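Asker: Sharing entry_26.tsv (TSV, C-alpha atoms) below.
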```tsv
chain	number	residue	atom	x	y	z
A	3	MET	CA	107.57	46.67	117.96
A	4	LEU	CA	105.26	44.45	119.95
A	5	SER	CA	106.49	40.96	120.85
A	6	VAL	CA	103.92	38.34	121.86
A	7	TYR	CA	104.65	34.87	123.26
A	8	PRO	CA	102.47	32.27	124.99
A	9	ALA	CA	103.26	31.57	128.63
A	10	CYS	CA	102.05	28.85	131.00
A	11	PHE	CA	100.95	30.10	134.41
A	12	PHE	CA	101.06	27.41	137.11
A	13	LYS	CA	99.37	27.97	140.46
A	14	GLU	CA	101.75	27.02	143.24
A	15	GLU	CA	101.51	27.02	147.00
A	16	ASN	CA	103.12	30.46	147.28
A	17	GLY	CA	102.08	32.14	144.05
A	18	TYR	CA	102.49	31.41	140.35
A	19	SER	CA	105.30	30.05	138.21
A	20	VAL	CA	105.39	31.30	134.63
A	21	VAL	CA	107.04	29.36	131.81
A	22	PHE	CA	107.68	30.50	128.25
A	23	PRO	CA	107.97	27.14	126.46
A	24	ASP	CA	109.22	28.69	123.20
A	25	LEU	CA	111.96	30.61	125.00
A	26	ASN	CA	112.97	27.97	127.55
A	27	SER	CA	112.66	30.59	130.28
A	28	ALA	CA	110.71	30.94	133.50
A	29	THR	CA	109.87	33.40	136.26
A	30	SER	CA	107.38	33.64	139.11
A	31	GLY	CA	105.24	36.00	141.15
A	32	GLU	CA	103.38	35.99	144.44
A	33	THR	CA	100.04	36.98	142.86
A	34	ILE	CA	98.66	36.64	139.35
A	35	ASP	CA	99.31	40.36	138.77
A	36	ASP	CA	102.86	40.03	140.06
A	37	ALA	CA	103.41	36.94	137.92
A	38	MET	CA	102.17	38.77	134.81
A	39	ASN	CA	104.41	41.75	135.54
A	40	MET	CA	107.38	39.43	136.03
A	41	ALA	CA	106.51	37.64	132.76
A	42	ILE	CA	106.43	40.97	130.92
A	43	ASP	CA	109.77	41.94	132.47
A	44	LEU	CA	111.34	38.61	131.49
A	45	LEU	CA	109.99	38.77	127.93
A	46	ALA	CA	111.20	42.37	127.55
A	47	GLY	CA	114.65	41.39	128.78
A	48	LEU	CA	114.89	38.41	126.45
A	49	VAL	CA	113.73	40.36	123.40
A	50	TYR	CA	115.89	43.39	124.20
A	51	SER	CA	119.00	41.27	124.86
A	52	ALA	CA	118.50	39.30	121.66
A	53	LYS	CA	118.25	42.54	119.69
A	54	ILE	CA	121.42	43.98	121.25
A	55	ASP	CA	123.32	40.71	120.67
A	56	GLY	CA	122.07	40.40	117.08
A	57	GLU	CA	120.36	37.10	117.85
A	58	GLU	CA	116.97	35.89	116.71
A	59	LEU	CA	114.45	34.43	119.11
A	60	PRO	CA	112.45	31.40	118.02
A	61	PRO	CA	109.04	32.18	116.57
A	62	ALA	CA	106.12	32.22	118.98
A	63	SER	CA	103.87	29.18	118.96
A	64	ALA	CA	100.17	29.62	118.43
A	65	LEU	CA	98.34	29.76	121.75
A	66	GLN	CA	96.18	26.74	120.93
A	67	THR	CA	99.23	24.55	120.23
A	68	ILE	CA	100.63	24.86	123.76
A	69	ASP	CA	99.94	21.74	125.83
A	70	ILE	CA	100.14	22.94	129.42
A	71	GLY	CA	100.17	19.34	130.68
A	72	SER	CA	103.29	18.56	128.65
A	73	VAL	CA	105.00	21.71	129.84
A	74	ALA	CA	104.15	20.83	133.45
A	75	LYS	CA	105.42	17.29	132.93
A	76	ASP	CA	108.74	18.57	131.57
A	77	LEU	CA	109.17	20.79	134.62
A	78	ASP	CA	108.30	18.50	137.47
A	79	SER	CA	106.85	15.10	138.11
A	80	SER	CA	104.32	16.40	140.65
A	81	PRO	CA	100.79	17.12	139.41
A	82	TYR	CA	99.86	20.71	138.69
A	83	ASP	CA	96.65	22.49	139.74
A	84	ARG	CA	94.59	22.19	136.55
A	85	ASP	CA	91.84	24.47	137.87
A	86	HIS	CA	94.18	27.40	138.49
A	87	SER	CA	96.82	26.94	135.78
A	88	PHE	CA	96.43	28.32	132.28
A	89	VAL	CA	98.14	29.47	129.08
A	90	ASN	CA	98.02	33.15	128.22
A	91	LEU	CA	99.69	35.48	125.75
A	92	VAL	CA	102.23	37.91	127.16
A	93	SER	CA	103.08	40.97	125.10
A	94	VAL	CA	105.55	43.80	125.42
A	95	ASP	CA	107.09	46.54	123.33
A	96	ALA	CA	110.66	45.76	124.39
A	97	GLU	CA	112.14	49.02	123.10
A	98	GLU	CA	109.65	51.15	125.02
A	99	TYR	CA	110.00	48.93	128.09
A	100	ALA	CA	113.78	49.24	127.93
A	101	LYS	CA	113.56	53.04	127.84
A	102	LEU	CA	111.64	52.98	131.11
A	103	HIS	CA	113.32	50.09	132.90
A	104	PHE	CA	116.65	49.07	131.38
A	105	THR	CA	118.30	52.16	129.99
A	106	LYS	CA	117.00	54.87	132.28
A	107	SER	CA	119.90	56.89	133.62
A	108	VAL	CA	120.30	58.29	137.11
A	109	LYS	CA	122.38	61.30	138.04
A	110	LYS	CA	125.27	60.68	140.45
A	111	THR	CA	127.55	63.22	142.05
A	112	LEU	CA	131.13	62.18	142.68
A	113	SER	CA	134.43	63.70	143.69
A	114	ILE	CA	137.77	63.25	141.95
A	115	PRO	CA	141.08	65.08	142.43
A	116	LEU	CA	141.36	68.37	140.55
A	117	TRP	CA	144.41	67.23	138.56
A	118	MET	CA	142.49	64.14	137.37
A	119	ASN	CA	139.52	66.29	136.29
A	120	ASP	CA	141.77	68.73	134.41
A	121	LYS	CA	143.61	65.96	132.58
A	122	ALA	CA	140.38	64.12	131.66
A	123	VAL	CA	138.76	67.32	130.38
A	124	ALA	CA	141.87	68.10	128.31
A	125	MET	CA	141.72	64.60	126.81
A	126	GLY	CA	137.99	64.90	126.04
A	127	ILE	CA	137.09	61.92	128.22
A	128	ASN	CA	133.39	61.29	128.72
A	129	PHE	CA	133.03	60.93	132.50
A	130	SER	CA	129.70	59.07	132.42
A	131	GLN	CA	130.87	56.56	129.84
A	132	THR	CA	134.16	55.97	131.67
A	133	LEU	CA	132.38	55.39	134.98
A	134	GLN	CA	129.93	52.98	133.36
A	135	GLU	CA	132.76	51.02	131.74
A	136	ALA	CA	134.67	50.86	135.04
A	137	LEU	CA	131.57	49.69	136.92
A	138	LEU	CA	130.91	46.99	134.31
A	139	GLN	CA	134.46	45.72	134.84
A	140	LYS	CA	133.81	45.51	138.59
A	141	PHE	CA	130.64	43.43	138.01
A	142	VAL	CA	132.48	40.54	136.33
```
Any chance you could give the structure as structure tokens?

Answerer:
Amino acid sequence: MLSVYPACFFKEENGYSVVFPDLNSATSGETIDDAMNMAIDLLAGLVYSAKIDGEELPPASALQTIDIGSVAKDLDSSPYDRDHSFVNLVSVDAEEYAKLHFTKSVKKTLSIPLWMNDKAVAMGINFSQTLQEALLQKFV
């Protein structure tokens, strides 16, 4: 399912900042293409995470209701480059994006002692799932 949200693109000295006012989230990129790709990645992550967590995202505002000046004012007191800043819709099919970027698996080869392998096989342990769970525990 396609998700579409307005985003404010602000020209900065070293690229673009991108703000999703409805989602209270931001990202950036060195070029306009990079900024758009980062915006798509952020939106996909937010939508996908909300779905997994059973949360609802706020509805998207209509493009014409976004006041880029107000968004800029909320972010920083310095003036923004009006000639190179704009509001644009960002869209993504989060489920398809996740298949390519978030949930893609990679094959790893590892070694464990023979006795450990034999016992795990006898117990019907899923090696991939067990390794993923153990790695997740290491990340926290």

Asker: Just the number, please: distance in Å from atom CA of A:Ile42 to atom CA of A:Val6, one decimal.

Answerer: 9.8 Å

Asker: What does the structure give for the distance between atom CA of A:Pro60 and atom CA of A:Asp24, in Å to one decimal?

Answerer: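 Value for the atom CA of A:Pro60-atom CA of A:Asp24 distance: 6.7 Å.
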
Asker: Can you work out the spacing between atom CA of A:Glu15 and atom CA of A:Ser87 in Å, to one decimal?

Answerer: 12.2 Å

Asker: So which one's closest to A:Leu112, A:Leu4, A:Met125, A:Ala96, A:Leu133? Using only C-alpha atoms, please.

Answerer: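 For A:Leu112, the nearest of the given residues is A:Leu133.
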
Asker: Find the residues near stretch 72-75 of chain A: any atom within 12 Å, counting all atoms listed in the file, skip ones fewer than 4 places away on the same chain, and give them as a list in words.

Answerer: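 After dropping sequence-adjacent residues, the list is Pro8, Ala9, Cys10, Phe11, Phe12, Lys13, Glu14, Ser19, Val20, Val21, Phe22, Pro23, Asp24, Asn26, Ser27, Ala28, Thr67, Ile68, Ser79, Ser80, Pro81, Tyr82, Asp83, Arg84, Ser87, Phe88 and Val89 of chain A.
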
Asker: Excluding same-chain residues fewer than 4 positions from stretch 114-117 of chain A, what lies within 12 Å of it counting all atoms listed in the file, as a count of residues only?

Answerer: 6

Asker: Counting all atoms listed in the file, which of A:Ile34, A:Leu65, A:Ile127, A:Ala52 gets nearest to A:Asn90?

Answerer: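 Counting all atoms listed in the file, the residue closest to A:Asn90 is A:Leu65.
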
Asker: Could you give me the centre and size, in Å to one decimal, of an axis-aligned box around all listed atoms of stretch 18-32 of chain A with 6 Å added on every side, as JSON?

Answerer:
```
{"center_x": 107.7, "center_y": 31.6, "center_z": 133.8, "size_x": 22.5, "size_y": 20.9, "size_z": 33.2}
```

Asker: Restricting the calculation to all atoms listed in the file: of A:Met118, A:Val108, A:Leu59, A:Ala41, which residue gets closest to A:Ser130?

Answerer: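 With all atoms listed in the file as the atom set, the closest residue is A:Val108.
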
Asker: Between A:Gly17, A:Gly71, A:Gly47, A:Gly56, which has the minimum distance to A:Ser5 (counting only C-alpha atoms)?

Answerer: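 Comparing A:Gly17, A:Gly71, A:Gly47, A:Gly56 against A:Ser5, the winner is A:Gly47.
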
Asker: Mind checking which residues fall within 9 Å of A:Leu44, counting all atoms listed in the file, ignoring those fewer than 4 positions away in the same chain, and posting them as a list in words?

Answerer: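 With the cut-off at 9 Å, the set is Ser27, Ala28, Thr29, Asn39, Met40, Leu48 and Val49 of chain A.
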
Asker: Excluding A:His103 and its own-chain neighbours fewer than 2 positions away, which residues fall within 12 Å of it when counting all atoms listed in the file? Please give them as a ChimeraX atom specification.

Answerer: /A:42-44,46-47,50,95-101,105-108

Asker: Since the input has fewer atoms than a full residue there, write stretch 116-127 of chain A out with all heavy atoms, as a PDB file, in the coordinates of the input.

Answerer:
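Saved result, selection.pdb, follows:
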```
ATOM      1  N   LEU A 116     141.365  67.312 141.559  1.00  0.00           N
ATOM      2  CA  LEU A 116     141.360  68.370 140.550  1.00  0.00           C
ATOM      3  C   LEU A 116     142.276  68.049 139.382  1.00  0.00           C
ATOM      4  O   LEU A 116     141.904  68.238 138.221  1.00  0.00           O
ATOM      5  CB  LEU A 116     141.779  69.718 141.186  1.00  0.00           C
ATOM      6  CG  LEU A 116     141.871  70.904 140.234  1.00  0.00           C
ATOM      7  CD1 LEU A 116     140.509  71.168 139.587  1.00  0.00           C
ATOM      8  CD2 LEU A 116     142.371  72.136 140.964  1.00  0.00           C
ATOM      9  N   TRP A 117     143.480  67.540 139.647  1.00  0.00           N
ATOM     10  CA  TRP A 117     144.410  67.230 138.560  1.00  0.00           C
ATOM     11  C   TRP A 117     143.826  66.186 137.609  1.00  0.00           C
ATOM     12  O   TRP A 117     144.027  66.260 136.401  1.00  0.00           O
ATOM     13  CB  TRP A 117     145.768  66.771 139.102  1.00  0.00           C
ATOM     14  CG  TRP A 117     145.756  65.402 139.755  1.00  0.00           C
ATOM     15  CD1 TRP A 117     145.595  65.139 141.075  1.00  0.00           C
ATOM     16  CD2 TRP A 117     145.874  64.148 139.095  1.00  0.00           C
ATOM     17  NE1 TRP A 117     145.609  63.777 141.291  1.00  0.00           N
ATOM     18  CE2 TRP A 117     145.780  63.145 140.082  1.00  0.00           C
ATOM     19  CE3 TRP A 117     146.060  63.755 137.763  1.00  0.00           C
ATOM     20  CZ2 TRP A 117     145.853  61.785 139.790  1.00  0.00           C
ATOM     21  CZ3 TRP A 117     146.142  62.398 137.472  1.00  0.00           C
ATOM     22  CH2 TRP A 117     146.041  61.423 138.486  1.00  0.00           C
ATOM     23  N   MET A 118     143.083  65.201 138.187  1.00  0.00           N
ATOM     24  CA  MET A 118     142.490  64.140 137.370  1.00  0.00           C
ATOM     25  C   MET A 118     141.379  64.734 136.496  1.00  0.00           C
ATOM     26  O   MET A 118     141.260  64.404 135.310  1.00  0.00           O
ATOM     27  CB  MET A 118     141.926  63.045 138.283  1.00  0.00           C
ATOM     28  CG  MET A 118     141.565  61.767 137.568  1.00  0.00           C
ATOM     29  SD  MET A 118     140.997  60.495 138.727  1.00  0.00           S
ATOM     30  CE  MET A 118     142.543  59.969 139.423  1.00  0.00           C
ATOM     31  N   ASN A 119     140.580  65.628 137.047  1.00  0.00           N
ATOM     32  CA  ASN A 119     139.520  66.290 136.290  1.00  0.00           C
ATOM     33  C   ASN A 119     140.130  67.097 135.136  1.00  0.00           C
ATOM     34  O   ASN A 119     139.658  66.997 133.999  1.00  0.00           O
ATOM     35  CB  ASN A 119     138.709  67.203 137.205  1.00  0.00           C
ATOM     36  CG  ASN A 119     137.598  67.898 136.458  1.00  0.00           C
ATOM     37  OD1 ASN A 119     136.632  67.273 136.052  1.00  0.00           O
ATOM     38  ND2 ASN A 119     137.747  69.207 136.262  1.00  0.00           N
ATOM     39  N   ASP A 120     141.158  67.891 135.442  1.00  0.00           N
ATOM     40  CA  ASP A 120     141.770  68.730 134.410  1.00  0.00           C
ATOM     41  C   ASP A 120     142.344  67.900 133.267  1.00  0.00           C
ATOM     42  O   ASP A 120     142.160  68.216 132.100  1.00  0.00           O
ATOM     43  CB  ASP A 120     142.879  69.601 135.028  1.00  0.00           C
ATOM     44  CG  ASP A 120     142.335  70.655 135.986  1.00  0.00           C
ATOM     45  OD1 ASP A 120     141.109  70.918 135.951  1.00  0.00           O
ATOM     46  OD2 ASP A 120     143.132  71.194 136.776  1.00  0.00           O
ATOM     47  N   LYS A 121     143.013  66.815 133.605  1.00  0.00           N
ATOM     48  CA  LYS A 121     143.610  65.960 132.580  1.00  0.00           C
ATOM     49  C   LYS A 121     142.524  65.278 131.732  1.00  0.00           C
ATOM     50  O   LYS A 121     142.629  65.212 130.510  1.00  0.00           O
ATOM     51  CB  LYS A 121     144.521  64.917 133.225  1.00  0.00           C
ATOM     52  CG  LYS A 121     145.289  64.100 132.205  1.00  0.00           C
ATOM     53  CD  LYS A 121     146.490  63.436 132.817  1.00  0.00           C
ATOM     54  CE  LYS A 121     147.260  62.781 131.698  1.00  0.00           C
ATOM     55  NZ  LYS A 121     148.658  62.799 131.879  1.00  0.00           N
ATOM     56  N   ALA A 122     141.468  64.794 132.386  1.00  0.00           N
ATOM     57  CA  ALA A 122     140.380  64.120 131.660  1.00  0.00           C
ATOM     58  C   ALA A 122     139.653  65.099 130.738  1.00  0.00           C
ATOM     59  O   ALA A 122     139.320  64.755 129.598  1.00  0.00           O
ATOM     60  CB  ALA A 122     139.408  63.506 132.666  1.00  0.00           C
ATOM     61  N   VAL A 123     139.411  66.307 131.217  1.00  0.00           N
ATOM     62  CA  VAL A 123     138.760  67.320 130.380  1.00  0.00           C
ATOM     63  C   VAL A 123     139.643  67.637 129.170  1.00  0.00           C
ATOM     64  O   VAL A 123     139.166  67.725 128.033  1.00  0.00           O
ATOM     65  CB  VAL A 123     138.437  68.590 131.199  1.00  0.00           C
ATOM     66  CG1 VAL A 123     138.012  69.738 130.291  1.00  0.00           C
ATOM     67  CG2 VAL A 123     137.345  68.293 132.226  1.00  0.00           C
ATOM     68  N   ALA A 124     140.946  67.801 129.403  1.00  0.00           N
ATOM     69  CA  ALA A 124     141.870  68.100 128.310  1.00  0.00           C
ATOM     70  C   ALA A 124     141.912  66.983 127.273  1.00  0.00           C
ATOM     71  O   ALA A 124     142.090  67.237 126.077  1.00  0.00           O
ATOM     72  CB  ALA A 124     143.284  68.342 128.868  1.00  0.00           C
ATOM     73  N   MET A 125     141.694  65.751 127.727  1.00  0.00           N
ATOM     74  CA  MET A 125     141.720  64.600 126.810  1.00  0.00           C
ATOM     75  C   MET A 125     140.352  64.341 126.174  1.00  0.00           C
ATOM     76  O   MET A 125     140.216  63.471 125.328  1.00  0.00           O
ATOM     77  CB  MET A 125     142.177  63.350 127.564  1.00  0.00           C
ATOM     78  CG  MET A 125     143.615  63.418 128.034  1.00  0.00           C
ATOM     79  SD  MET A 125     144.090  61.987 129.025  1.00  0.00           S
ATOM     80  CE  MET A 125     144.028  60.690 127.793  1.00  0.00           C
ATOM     81  N   GLY A 126     139.330  65.084 126.600  1.00  0.00           N
ATOM     82  CA  GLY A 126     137.990  64.900 126.040  1.00  0.00           C
ATOM     83  C   GLY A 126     137.318  63.618 126.504  1.00  0.00           C
ATOM     84  O   GLY A 126     136.503  63.041 125.784  1.00  0.00           O
ATOM     85  N   ILE A 127     137.662  63.165 127.690  1.00  0.00           N
ATOM     86  CA  ILE A 127     137.090  61.920 128.220  1.00  0.00           C
ATOM     87  C   ILE A 127     135.649  62.147 128.675  1.00  0.00           C
ATOM     88  O   ILE A 127     135.355  63.133 129.350  1.00  0.00           O
ATOM     89  CB  ILE A 127     137.963  61.379 129.384  1.00  0.00           C
ATOM     90  CG1 ILE A 127     139.319  60.933 128.835  1.00  0.00           C
ATOM     91  CG2 ILE A 127     137.259  60.247 130.121  1.00  0.00           C
ATOM     92  CD1 ILE A 127     140.306  60.485 129.900  1.00  0.00           C
TER      93      ILE A 127
END
```
